[in-house]
$ cat data12.txt   # compact mmCIF, C-alpha atoms
# COMPACT_ATOMS: atom_id res chain seq x y z
CA MET A 1 158.13 88.66 167.79
CA ALA A 2 159.32 91.79 169.58
CA LYS A 3 162.20 94.13 168.84
CA ILE A 4 164.48 94.78 171.82
CA ASP A 5 165.69 98.22 172.89
CA ASP A 6 169.27 99.02 171.85
CA SER A 7 170.39 99.28 175.48
CA VAL A 8 170.12 95.55 176.05
CA LYS A 9 171.41 94.28 172.70
CA LYS A 10 174.57 92.87 174.25
CA LYS A 11 172.68 90.45 176.51
CA VAL A 12 169.75 89.51 174.31
CA PRO A 13 169.09 89.43 170.55
CA GLU A 14 167.50 92.29 168.64
CA PHE A 15 164.45 90.18 167.69
CA ARG A 16 162.82 87.89 170.22
CA PHE A 17 159.66 85.83 170.63
CA LYS A 18 157.11 87.32 173.02
CA GLY A 19 157.20 86.10 176.59
CA PHE A 20 160.99 85.82 176.87
CA THR A 21 162.84 88.50 178.84
CA ASP A 22 165.75 86.81 180.66
CA ASP A 23 169.33 87.56 179.68
CA TRP A 24 171.12 84.96 177.61
CA GLU A 25 173.95 83.07 179.34
CA GLU A 26 177.51 82.97 177.99
CA ARG A 27 178.87 79.41 177.80
CA LYS A 28 181.54 77.35 176.02
CA LEU A 29 180.07 74.88 173.57
CA GLY A 30 181.94 72.01 175.20
CA GLU A 31 180.28 72.70 178.56
CA PHE A 32 176.90 71.45 177.40
CA THR A 33 177.73 69.08 174.53
CA THR A 34 179.67 65.89 173.92
CA SER A 35 181.50 65.44 170.64
CA PHE A 36 183.57 62.95 168.69
CA SER A 37 185.00 62.48 165.20
CA GLY A 38 185.32 59.33 163.14
CA GLY A 39 187.75 57.62 160.82
CA THR A 40 188.13 55.90 157.47
CA PRO A 41 188.52 52.13 156.98
CA SER A 42 191.45 51.03 154.83
CA ALA A 43 190.60 51.66 151.20
CA GLY A 44 192.71 48.66 150.24
CA ASN A 45 190.43 46.20 152.01
CA SER A 46 187.39 45.53 149.83
CA SER A 47 185.65 43.63 152.66
CA TYR A 48 185.24 46.94 154.52
CA TYR A 49 183.04 48.53 151.85
CA LYS A 50 179.78 47.94 149.95
CA GLY A 51 177.93 46.98 153.09
CA ASP A 52 174.73 48.37 154.62
CA ILE A 53 176.10 51.17 156.81
CA PRO A 54 175.97 54.65 155.20
CA PHE A 55 179.42 56.25 155.34
CA ILE A 56 178.92 60.01 155.73
CA ARG A 57 181.66 62.28 154.43
CA SER A 58 181.94 66.03 154.95
CA GLY A 59 180.24 66.91 151.67
CA GLU A 60 177.21 64.84 152.70
CA ILE A 61 176.39 66.25 156.13
CA ASN A 62 173.18 67.82 154.82
CA SER A 63 172.18 64.87 152.65
CA ASP A 64 169.87 61.93 153.27
CA LYS A 65 172.06 59.56 151.24
CA THR A 66 175.71 58.67 150.87
CA GLU A 67 177.91 57.49 148.04
CA LEU A 68 179.82 54.92 150.11
CA PHE A 69 178.65 52.19 152.49
CA LEU A 70 180.62 50.25 155.11
CA THR A 71 180.37 46.68 156.29
CA GLU A 72 180.29 45.73 159.98
CA ASP A 73 183.93 44.68 159.63
CA GLY A 74 184.82 48.06 158.16
CA LEU A 75 183.19 49.82 161.11
CA LYS A 76 184.79 47.56 163.75
CA ASN A 77 188.28 47.68 162.25
CA SER A 78 188.53 51.46 161.91
CA SER A 79 187.99 54.65 163.83
CA ALA A 80 184.71 55.31 162.02
CA LYS A 81 181.96 56.18 164.52
CA MET A 82 178.20 55.89 164.30
CA VAL A 83 175.91 58.91 164.45
CA SER A 84 172.14 59.05 164.73
CA VAL A 85 169.40 61.08 163.13
CA GLY A 86 169.38 64.47 164.85
CA ASP A 87 173.08 64.65 165.70
CA ILE A 88 174.89 67.84 164.70
CA LEU A 89 177.51 67.17 162.01
CA TYR A 90 180.32 69.72 161.69
CA ALA A 91 182.88 69.66 158.86
CA LEU A 92 186.46 70.12 160.07
CA TYR A 93 188.62 69.72 156.97
CA GLY A 94 189.06 70.97 153.41
CA ALA A 95 186.72 72.98 151.24
CA THR A 96 183.71 72.23 153.47
CA SER A 97 185.36 73.44 156.70
CA GLY A 98 182.79 75.14 158.90
CA GLU A 99 179.77 73.63 157.15
CA VAL A 100 177.21 72.26 159.60
CA GLY A 101 174.01 70.27 159.46
CA ILE A 102 171.69 67.94 161.32
CA SER A 103 172.18 64.28 160.43
CA GLN A 104 169.25 62.96 158.42
CA ILE A 105 170.36 59.32 158.62
CA ASN A 106 171.97 56.83 160.96
CA GLY A 107 175.45 56.20 159.64
CA ALA A 108 179.21 56.27 160.23
CA ILE A 109 181.39 59.39 159.99
CA ASN A 110 185.01 59.85 158.98
CA GLN A 111 187.73 61.94 160.61
CA ALA A 112 186.71 65.09 158.72
CA ILE A 113 183.43 65.33 160.65
CA LEU A 114 182.81 66.22 164.27
CA ALA A 115 179.55 64.87 165.70
CA ILE A 116 178.06 67.11 168.40
CA ARG A 117 175.38 65.98 170.87
CA PRO A 118 173.91 68.47 173.34
CA ILE A 119 173.09 67.33 176.87
CA GLY A 120 169.58 67.72 178.27
CA GLY A 121 168.26 71.25 178.24
CA TYR A 122 169.99 72.30 175.03
CA SER A 123 168.62 72.25 171.48
CA SER A 124 170.51 70.73 168.53
CA HIS A 125 168.78 72.99 166.03
CA PHE A 126 169.60 76.11 168.05
CA ILE A 127 173.29 75.14 168.26
CA MET A 128 173.44 74.17 164.57
CA GLN A 129 171.98 77.51 163.46
CA TRP A 130 174.41 79.41 165.70
CA LEU A 131 177.35 77.51 164.16
CA ARG A 132 176.01 78.30 160.71
CA LEU A 133 175.80 81.99 161.59
CA GLN A 134 179.35 81.97 162.94
CA LYS A 135 180.90 80.02 160.04
CA GLN A 136 182.83 82.89 158.45
CA LYS A 137 184.06 84.26 161.76
CA ILE A 138 185.33 80.84 162.77
CA ILE A 139 187.09 80.30 159.45
CA ASP A 140 188.64 83.78 159.50
CA LYS A 141 189.95 83.25 163.03
CA TYR A 142 191.20 79.66 162.84
CA LEU A 143 191.81 79.07 159.14
CA GLN A 144 193.59 82.26 158.14
CA GLY A 145 194.42 82.16 154.47
CA GLY A 146 192.51 78.92 154.11
CA GLN A 147 195.37 76.91 155.69
CA GLY A 148 195.00 74.13 158.24
CA ASN A 149 191.97 72.39 159.67
CA LEU A 150 189.47 72.94 162.43
CA SER A 151 189.56 70.56 165.39
CA GLY A 152 187.33 69.21 168.10
CA SER A 153 189.14 71.27 170.73
CA ILE A 154 188.59 74.47 168.76
CA VAL A 155 184.88 73.77 168.44
CA LYS A 156 184.49 72.83 172.12
CA ASN A 157 186.00 76.16 173.16
CA LEU A 158 183.73 78.30 171.03
CA ILE A 159 181.84 80.77 173.20
CA LEU A 160 178.16 81.46 172.59
CA ASN A 161 175.21 82.98 174.38
CA VAL A 162 172.24 80.73 175.05
CA PRO A 163 168.72 81.38 176.35
CA ASN A 164 166.61 78.90 178.31
CA PHE A 165 165.61 75.63 176.66
CA GLU A 166 162.11 76.72 175.70
CA GLU A 167 163.42 79.77 173.84
CA GLN A 168 166.10 77.64 172.17
CA GLN A 169 163.38 75.30 170.94
CA ARG A 170 161.28 78.17 169.59
CA ILE A 171 164.25 79.61 167.71
CA GLY A 172 165.38 76.19 166.45
CA SER A 173 161.87 75.33 165.22
CA PHE A 174 161.53 78.70 163.50
CA PHE A 175 164.72 78.20 161.50
CA LYS A 176 163.95 74.54 160.81
CA GLN A 177 160.68 75.58 159.18
CA LEU A 178 162.49 78.30 157.23
CA ASP A 179 165.11 75.77 156.08
CA ASN A 180 162.36 73.40 154.95
CA THR A 181 160.78 76.18 152.91
CA ILE A 182 164.14 77.03 151.33
CA ALA A 183 164.74 73.33 150.53
CA LEU A 184 161.29 73.08 148.92
CA HIS A 185 161.99 76.08 146.69
CA GLN A 186 165.42 74.67 145.83
CA ARG A 187 163.83 71.39 144.74
CA LYS A 188 161.32 73.25 142.57
CA LEU A 189 164.14 75.25 140.98
CA ASP A 190 166.24 72.14 140.37
CA LEU A 191 163.24 70.41 138.80
CA LEU A 192 162.62 73.34 136.45
CA LYS A 193 166.28 73.32 135.38
CA GLN A 194 166.11 69.59 134.75
CA GLN A 195 162.94 70.05 132.71
CA LYS A 196 164.63 72.70 130.59
CA LYS A 197 167.63 70.44 130.06
CA GLY A 198 165.31 67.63 128.94
CA TYR A 199 163.44 69.88 126.52
CA LEU A 200 166.71 71.15 125.04
CA GLN A 201 167.77 67.57 124.39
CA LYS A 202 164.48 66.60 122.79
CA MET A 203 163.59 69.78 120.84
CA PHE A 204 166.87 70.04 118.92
CA PRO A 205 168.02 67.30 116.53
CA LYS A 206 170.69 64.94 117.76
CA ASN A 207 173.86 64.65 115.70
CA GLY A 208 173.03 63.11 112.35
CA ALA A 209 169.28 63.71 112.65
CA LYS A 210 167.34 66.20 110.53
CA VAL A 211 164.41 66.66 112.90
CA PRO A 212 164.10 66.76 116.70
CA GLU A 213 162.43 64.09 118.82
CA LEU A 214 159.84 66.54 120.21
CA ARG A 215 158.16 69.16 118.06
CA PHE A 216 155.26 71.61 118.00
CA ALA A 217 152.19 70.41 116.11
CA GLY A 218 152.00 71.44 112.46
CA PHE A 219 155.72 71.25 111.66
CA ALA A 220 157.04 68.32 109.66
CA ASP A 221 159.78 69.63 107.33
CA ASP A 222 163.41 68.64 107.81
CA TRP A 223 165.66 71.17 109.48
CA GLU A 224 168.12 72.78 107.10
CA ASP A 225 171.89 72.32 107.31
CA ARG A 226 173.36 75.82 107.21
CA LYS A 227 176.58 77.57 108.12
CA LEU A 228 176.35 80.10 110.92
CA LYS A 229 177.47 82.86 108.52
CA ASP A 230 174.38 82.15 106.36
CA VAL A 231 172.02 83.30 109.11
CA THR A 232 174.09 85.88 111.03
CA GLU A 233 176.52 88.73 110.43
CA ARG A 234 179.33 90.26 112.45
CA VAL A 235 178.92 93.12 114.91
CA ARG A 236 182.04 95.27 115.41
CA SER A 237 180.63 98.68 116.21
CA ASN A 238 182.26 100.90 118.80
CA ASP A 239 181.12 104.50 119.07
CA GLY A 240 183.48 105.36 121.91
CA ARG A 241 180.84 105.45 124.62
CA MET A 242 182.05 104.76 128.15
CA ASP A 243 178.78 105.09 130.04
CA LEU A 244 177.37 101.65 129.26
CA PRO A 245 177.22 98.45 131.34
CA THR A 246 180.28 96.35 130.56
CA LEU A 247 180.83 92.60 130.63
CA THR A 248 184.21 91.83 132.14
CA MET A 249 186.55 89.30 130.57
CA SER A 250 186.33 86.96 133.55
CA ALA A 251 182.55 87.02 133.97
CA SER A 252 180.40 84.11 132.93
CA SER A 253 177.62 84.60 130.44
CA GLY A 254 173.96 83.77 130.27
CA TRP A 255 170.90 85.94 130.01
CA LEU A 256 169.51 85.01 133.41
CA ASP A 257 172.27 86.71 135.37
CA GLN A 258 173.25 89.59 133.11
CA LYS A 259 172.32 92.10 135.81
CA ASP A 260 175.04 90.59 137.98
CA ARG A 261 177.63 90.09 135.23
CA PHE A 262 177.65 93.59 133.76
CA SER A 263 179.30 96.43 135.63
CA GLY A 264 178.67 100.14 135.27
CA ASP A 265 182.20 100.96 136.38
CA ILE A 266 184.62 100.69 133.46
CA SER A 267 187.13 103.28 134.58
CA GLY A 268 190.56 102.58 133.17
CA LYS A 269 189.20 100.40 130.38
CA GLU A 270 190.26 101.16 126.86
CA LYS A 271 187.16 101.63 124.73
CA LYS A 272 188.85 100.22 121.66
CA ASN A 273 188.87 96.81 123.36
CA TYR A 274 185.08 96.68 123.56
CA THR A 275 182.25 96.10 121.12
CA LEU A 276 178.93 97.91 121.39
CA LEU A 277 176.23 95.24 121.59
CA LYS A 278 172.56 96.13 121.17
CA LYS A 279 169.57 94.33 122.62
CA GLY A 280 168.97 91.04 120.82
CA GLU A 281 172.48 90.84 119.40
CA LEU A 282 174.70 87.89 120.27
CA SER A 283 178.18 87.33 121.59
CA TYR A 284 180.31 84.21 121.87
CA ASN A 285 182.92 83.84 124.59
CA HIS A 286 185.47 81.54 122.97
CA GLY A 287 188.35 82.29 125.32
CA ASN A 288 187.27 80.88 128.68
CA SER A 289 187.02 77.11 129.00
CA LYS A 290 185.51 77.43 132.50
CA LEU A 291 182.16 78.54 131.11
CA ALA A 292 181.26 75.50 129.06
CA LYS A 293 182.80 72.84 126.90
CA TYR A 294 183.15 75.14 123.91
CA GLY A 295 182.23 78.50 125.37
CA VAL A 296 178.89 80.27 125.73
CA VAL A 297 176.69 82.19 123.30
CA PHE A 298 174.38 84.75 124.89
CA SER A 299 172.03 87.37 123.56
CA LEU A 300 171.74 90.77 125.22
CA THR A 301 168.34 90.85 126.91
CA ASN A 302 168.43 93.00 130.05
CA TYR A 303 169.96 96.10 128.48
CA GLU A 304 169.27 98.17 125.38
CA GLU A 305 173.02 98.57 124.84
CA ALA A 306 176.14 97.23 126.53
CA LEU A 307 179.86 96.74 125.95
CA VAL A 308 181.50 93.34 125.59
CA PRO A 309 185.21 92.56 125.17
CA ARG A 310 186.43 92.76 121.58
CA VAL A 311 187.91 89.26 121.89
CA TYR A 312 184.35 87.91 122.02
CA HIS A 313 182.82 87.06 118.63
CA SER A 314 179.80 89.37 118.46
CA PHE A 315 177.15 88.93 115.79
CA LYS A 316 173.47 89.42 115.04
CA ALA A 317 170.78 87.33 113.42
CA LEU A 318 169.79 88.13 109.84
CA GLU A 319 166.21 88.52 108.68
CA ASN A 320 164.05 85.42 109.23
CA THR A 321 166.40 84.09 111.88
CA SER A 322 165.70 84.24 115.61
CA ALA A 323 168.58 85.39 117.83
CA ASP A 324 166.98 83.58 120.76
CA PHE A 325 166.89 80.36 118.73
CA ILE A 326 170.63 80.70 118.00
CA GLU A 327 171.33 81.23 121.69
CA TYR A 328 169.32 78.20 122.80
CA MET A 329 170.83 76.07 120.06
CA PHE A 330 174.29 76.82 121.46
CA SER A 331 173.16 75.73 124.92
CA THR A 332 172.63 72.23 123.52
CA LYS A 333 175.31 69.88 122.23
CA LEU A 334 174.23 70.48 118.65
CA PRO A 335 177.25 72.64 117.64
CA ASP A 336 179.76 70.61 119.70
CA ARG A 337 180.81 68.39 116.83
CA GLU A 338 181.72 71.33 114.60
CA LEU A 339 183.45 73.29 117.37
CA GLY A 340 185.22 70.14 118.45
CA LYS A 341 186.72 69.79 114.98
CA LEU A 342 188.21 73.26 115.32
CA VAL A 343 189.66 72.44 118.73
CA SER A 344 191.18 69.16 117.52
CA SER A 345 192.71 70.94 114.54
CA GLY A 346 194.73 73.26 116.78
CA ALA A 347 192.31 75.98 117.89
CA ARG A 348 193.10 75.30 121.55
CA MET A 349 195.76 77.69 122.82
CA ASP A 350 197.25 77.87 126.34
CA GLY A 351 194.52 75.61 127.68
CA LEU A 352 191.74 77.92 126.47
CA LEU A 353 189.72 78.02 123.29
CA ASN A 354 190.73 80.59 120.72
CA ILE A 355 188.54 79.96 117.69
CA ASN A 356 188.93 82.69 115.10
CA TYR A 357 185.85 84.43 113.76
CA ASP A 358 185.94 82.99 110.24
CA ASP A 359 186.22 79.42 111.52
CA PHE A 360 183.42 80.10 113.99
CA MET A 361 181.14 81.46 111.28
CA ASN A 362 181.77 78.40 109.10
CA ILE A 363 180.47 75.87 111.59
CA HIS A 364 177.39 73.90 110.49
CA ILE A 365 174.12 74.29 112.34
CA PHE A 366 170.59 72.99 111.74
CA THR A 367 167.65 75.40 111.61
CA PRO A 368 163.90 75.01 111.09
CA ASN A 369 161.76 77.63 109.39
CA TYR A 370 161.38 81.02 111.06
CA GLU A 371 157.92 80.34 112.50
CA GLU A 372 159.16 77.23 114.30
CA GLN A 373 162.21 79.11 115.56
CA ILE A 374 159.96 81.78 117.07
CA LEU A 375 157.73 79.23 118.79
CA MET A 376 160.74 77.40 120.23
CA SER A 377 162.36 80.64 121.39
CA ALA A 378 159.17 81.79 123.13
CA PHE A 379 158.81 78.39 124.82
CA PHE A 380 162.35 78.41 126.23
CA ARG A 381 162.23 82.09 127.15
CA LYS A 382 159.09 81.41 129.18
CA LEU A 383 160.86 78.52 130.88
CA ASP A 384 163.81 80.78 131.68
CA GLU A 385 161.55 83.47 133.08
CA ASN A 386 159.95 80.87 135.35
CA ILE A 387 163.38 79.65 136.45
CA ALA A 388 164.48 83.24 137.12
CA LEU A 389 161.32 83.87 139.17
CA HIS A 390 161.96 80.82 141.34
CA GLN A 391 165.62 81.80 141.68
CA ARG A 392 164.62 85.26 142.91
CA LYS A 393 162.19 83.74 145.44
CA LEU A 394 164.91 81.39 146.66
CA ASP A 395 167.47 84.20 146.92
CA LEU A 396 164.98 86.33 148.85
CA LEU A 397 164.29 83.50 151.31
CA LYS A 398 168.02 83.01 151.87
CA GLU A 399 168.49 86.73 152.47
CA GLN A 400 165.57 86.75 154.88
CA LYS A 401 167.07 83.86 156.78
CA LYS A 402 170.43 85.60 156.90
CA GLY A 403 168.77 88.66 158.38
CA PHE A 404 166.88 86.62 160.98
CA LEU A 405 170.07 84.81 162.00
CA GLN A 406 171.82 88.09 162.60
CA LYS A 407 168.94 89.56 164.60
CA MET A 408 167.79 86.50 166.59
CA PHE A 409 171.14 85.51 168.08
CA VAL A 410 173.39 87.48 170.41

$ encode --input "data12.txt" --output "structure tokens"
Amino acid sequence: MAKIDDSVKKKVPEFRFKGFTDDWEERKLGEFTTSFSGGTPSAGNSSYYKGDIPFIRSGEINSDKTELFLTEDGLKNSSAKMVSVGDILYALYGATSGEVGISQINGAINQAILAIRPIGGYSSHFIMQWLRLQKQKIIDKYLQGGQGNLSGSIVKNLILNVPNFEEQQRIGSFFKQLDNTIALHQRKLDLLKQQKKGYLQKMFPKNGAKVPELRFAGFADDWEDRKLKDVTERVRSNDGRMDLPTLTMSASSGWLDQKDRFSGDISGKEKKNYTLLKKGELSYNHGNSKLAKYGVVFSLTNYEEALVPRVYHSFKALENTSADFIEYMFSTKLPDRELGKLVSSGARMDGLLNINYDDFMNIHIFTPNYEEQILMSAFFRKLDENIALHQRKLDLLKEQKKGFLQKMFV
């Protein structure tokens, strides 16, 4: 792949496969494609649904399966239209506006999708990747402020530069292979997350049980019913430092993304509103229902010291208690019953959770002996490190693709 001199950037891309030198041609998308949108059969007619025809909606344009299926009657008695494997599917409406994909199945589309079919001499994968690259520009131009919808006429009039068919195919194949690699890494990541979720369910006791379903060899004793205050103590220190990474009130928690959630810029913040948290100490966000059912407990792992909002309940594990174990325990449903009692008794305020510290410290938890806590913590930390590694690989691939898109199209 060769890099092109700056003087010809306007007519050809910056990066190009060897053997191609001709200028790209400026065309309207509608000049070399045909397109159509679909429709939705009446929801009130049950005979139109639960058939054998996949009914593709805008959130499913990159999927090989659909939630709904139409009957032949549903297809014939509506504006729904059939698409084939390989057709370009472009989302026109709602939150998915501007999303684009290549159909992986034969099925019917609704009115929120525009099917695009290039004529001979033009590559579907090349066009799809160009639309993906242009998504934000198209939205900014035609959906200012997020209002309105895209339309078939808007898409047909989009202007792009295209090379000859052979170069289109080379570019389309290159990005198809890159997309397949990204999808493979995404599946691996999803599998690892599912595995962790399964282990969390099996390695902590279910409500009412004294031992978990899955356990390390050599441990047989019942877990002990304790109050959180029996194994932790409060952290309220604040030495007035302003040069530390700071967790904002609106940020989500979790050790995997602490580098992204803590900011070094805390200008204008009042230091009295923050608690100094040291590595290994814990904090509980009880005031943001968006994070989890009853909030999130996280331990500080990526920094030696950091500041967290004073409204968080910050605490540390006592001797013979693992902070990591406490964190992982709170990522299960084990404490939900106790926290739920607080919520039902009036702890919910203005739609958010506001559980006071004393009530929080009095919730009941189950703990094994320290040695088992350490083994469990190490096991889950290793899992998290593996998840983080795969996430970084996936993020890098996506960034690489983004860079190639910018440099391989005019």

$ closest_residue --input "data12.txt" --among "A:Ala388, A:Leu397, A:Met376, A:Leu405" --to "Lys193 of chain A" --atoms "all atoms listed in the file"
A:Ala388

$ atom_distance --input "data12.txt" --atom1 "atom CA of Ile171 of chain A" --atom2 "atom CA of Thr33 of chain A"
18.4 Å

$ closest_residue --input "data12.txt" --among "A:Gln136, A:Asn285, A:Ser173, A:Gln111" --to "Glu99 of chain A" --atoms "all atoms listed in the file"
A:Gln136

$ residues_around --input "data12.txt" --residues "Val231 of chain A" --least-positions-apart "3" --cutoff "7 Å" --atoms "only C-alpha atoms" --output "PyMOL selection string"
chain A and resi 228+317-318+321

$ closest_residue --input "data12.txt" --among "A:Arg16, A:His185, A:Arg27, A:Arg117" --to "Asp395 of chain A" --atoms "all atoms listed in the file"
A:His185

$ residues_around --input "data12.txt" --residues "Leu300 of chain A" --least-positions-apart "5" --cutoff "6 Å" --atoms "all atoms listed in the file" --output "NGL selection string"
:A and (279-281)

$ atom_distance --input "data12.txt" --atom1 "atom CA of Ile374 of chain A" --atom2 "atom CA of Ala323 of chain A"
9.4 Å

$ residues_around --input "data12.txt" --residues "segment 20-26 of chain A" --least-positions-apart "2" --cutoff "8 Å" --atoms "only C-alpha atoms" --output "PyMOL selection string"
chain A and resi 11-12+16-18+28+159-164+167+410

$ closest_residue --input "data12.txt" --among "A:Val100, A:Leu70, A:Ala91, A:Ile326" --to "Thr232 of chain A" --atoms "all atoms listed in the file"
A:Ile326

$ axis_aligned_box --input "data12.txt" --around "segment 97-103 of chain A" --padding-each-side "8 Å" --output "JSON"
{"center_x": 178.5, "center_y": 69.7, "center_z": 159.0, "size_x": 29.7, "size_y": 26.9, "size_z": 20.6}

$ atom_distance --input "data12.txt" --atom1 "atom CA of Ile56 of chain A" --atom2 "atom CA of Gly107 of chain A"
6.5 Å

$ closest_residue --input "data12.txt" --among "A:Asp140, A:Asp52, A:Asp230, A:Asp73" --to "Glu319 of chain A" --atoms "all atoms listed in the file"
A:Asp230

$ residues_around --input "data12.txt" --residues "Gly152 of chain A" --least-positions-apart "5" --cutoff "9 Å" --atoms "only C-alpha atoms" --output "PyMOL selection string"
chain A and resi 35-37+92+114+157

$ residues_near_point --input "data12.txt" --point "(178.8, 49.4, 155.8)" --cutoff "9 Å" --atoms "all atoms listed in the file" --output "MDAnalysis selection string"
chainID A and resid 48:55 68:75 107:108

$ residues_around --input "data12.txt" --residues "segment 206-217 of chain A" --least-positions-apart "2" --cutoff "9 Å" --atoms "all atoms listed in the file" --output "PyMOL selection string"
chain A and resi 199+201-204+219-225+333-335+337+366+368+372+375-376

$ closest_residue --input "data12.txt" --among "A:Lys278, A:Arg381, A:Lys407, A:Lys229" --to "Met361 of chain A" --atoms "all atoms listed in the file"
A:Lys229

$ decode --input "data12.txt" --residues "segment 90-102 of chain A" --atoms "N, CA and C atoms" --output "mmCIF file, in the first residue's frame"
data_model
loop_
_atom_site.group_PDB
_atom_site.id
_atom_site.type_symbol
_atom_site.label_atom_id
_atom_site.label_comp_id
_atom_site.auth_asym_id
_atom_site.auth_seq_id
_atom_site.Cartn_x
_atom_site.Cartn_y
_atom_site.Cartn_z
ATOM 1 N N TYR A 90 -29.492 0.699 5.271
ATOM 2 C CA TYR A 90 -29.164 2.011 5.828
ATOM 3 C C TYR A 90 -30.316 2.477 6.710
ATOM 4 N N ALA A 91 -30.010 2.785 7.977
ATOM 5 C CA ALA A 91 -31.041 3.192 8.932
ATOM 6 C C ALA A 91 -31.381 4.670 8.751
ATOM 7 N N LEU A 92 -32.666 4.961 8.589
ATOM 8 C CA LEU A 92 -33.116 6.323 8.330
ATOM 9 C C LEU A 92 -33.649 7.039 9.557
ATOM 10 N N TYR A 93 -34.220 6.309 10.503
ATOM 11 C CA TYR A 93 -34.971 6.940 11.586
ATOM 12 C C TYR A 93 -34.351 6.672 12.953
ATOM 13 N N GLY A 94 -34.703 7.554 13.907
ATOM 14 C CA GLY A 94 -34.469 7.315 15.328
ATOM 15 C C GLY A 94 -33.024 7.268 15.749
ATOM 16 N N ALA A 95 -32.790 6.550 16.841
ATOM 17 C CA ALA A 95 -31.459 6.508 17.461
ATOM 18 C C ALA A 95 -30.417 5.862 16.569
ATOM 19 N N THR A 96 -30.850 5.032 15.611
ATOM 20 C CA THR A 96 -29.891 4.336 14.743
ATOM 21 C C THR A 96 -29.651 5.062 13.428
ATOM 22 N N SER A 97 -30.207 6.268 13.267
ATOM 23 C CA SER A 97 -30.042 7.015 12.017
ATOM 24 C C SER A 97 -28.580 7.074 11.584
ATOM 25 N N GLY A 98 -28.339 6.723 10.329
ATOM 26 C CA GLY A 98 -26.982 6.774 9.802
ATOM 27 C C GLY A 98 -26.199 5.488 9.953
ATOM 28 N N GLU A 99 -26.733 4.541 10.731
ATOM 29 C CA GLU A 99 -26.068 3.237 10.839
ATOM 30 C C GLU A 99 -26.210 2.503 9.510
ATOM 31 N N VAL A 100 -25.221 1.715 9.157
ATOM 32 C CA VAL A 100 -25.244 1.024 7.873
ATOM 33 C C VAL A 100 -24.612 -0.352 8.014
ATOM 34 N N GLY A 101 -25.080 -1.291 7.205
ATOM 35 C CA GLY A 101 -24.515 -2.626 7.232
ATOM 36 C C GLY A 101 -24.823 -3.353 5.936
ATOM 37 N N ILE A 102 -24.283 -4.545 5.825
ATOM 38 C CA ILE A 102 -24.571 -5.436 4.703
ATOM 39 C C ILE A 102 -25.498 -6.531 5.216
#
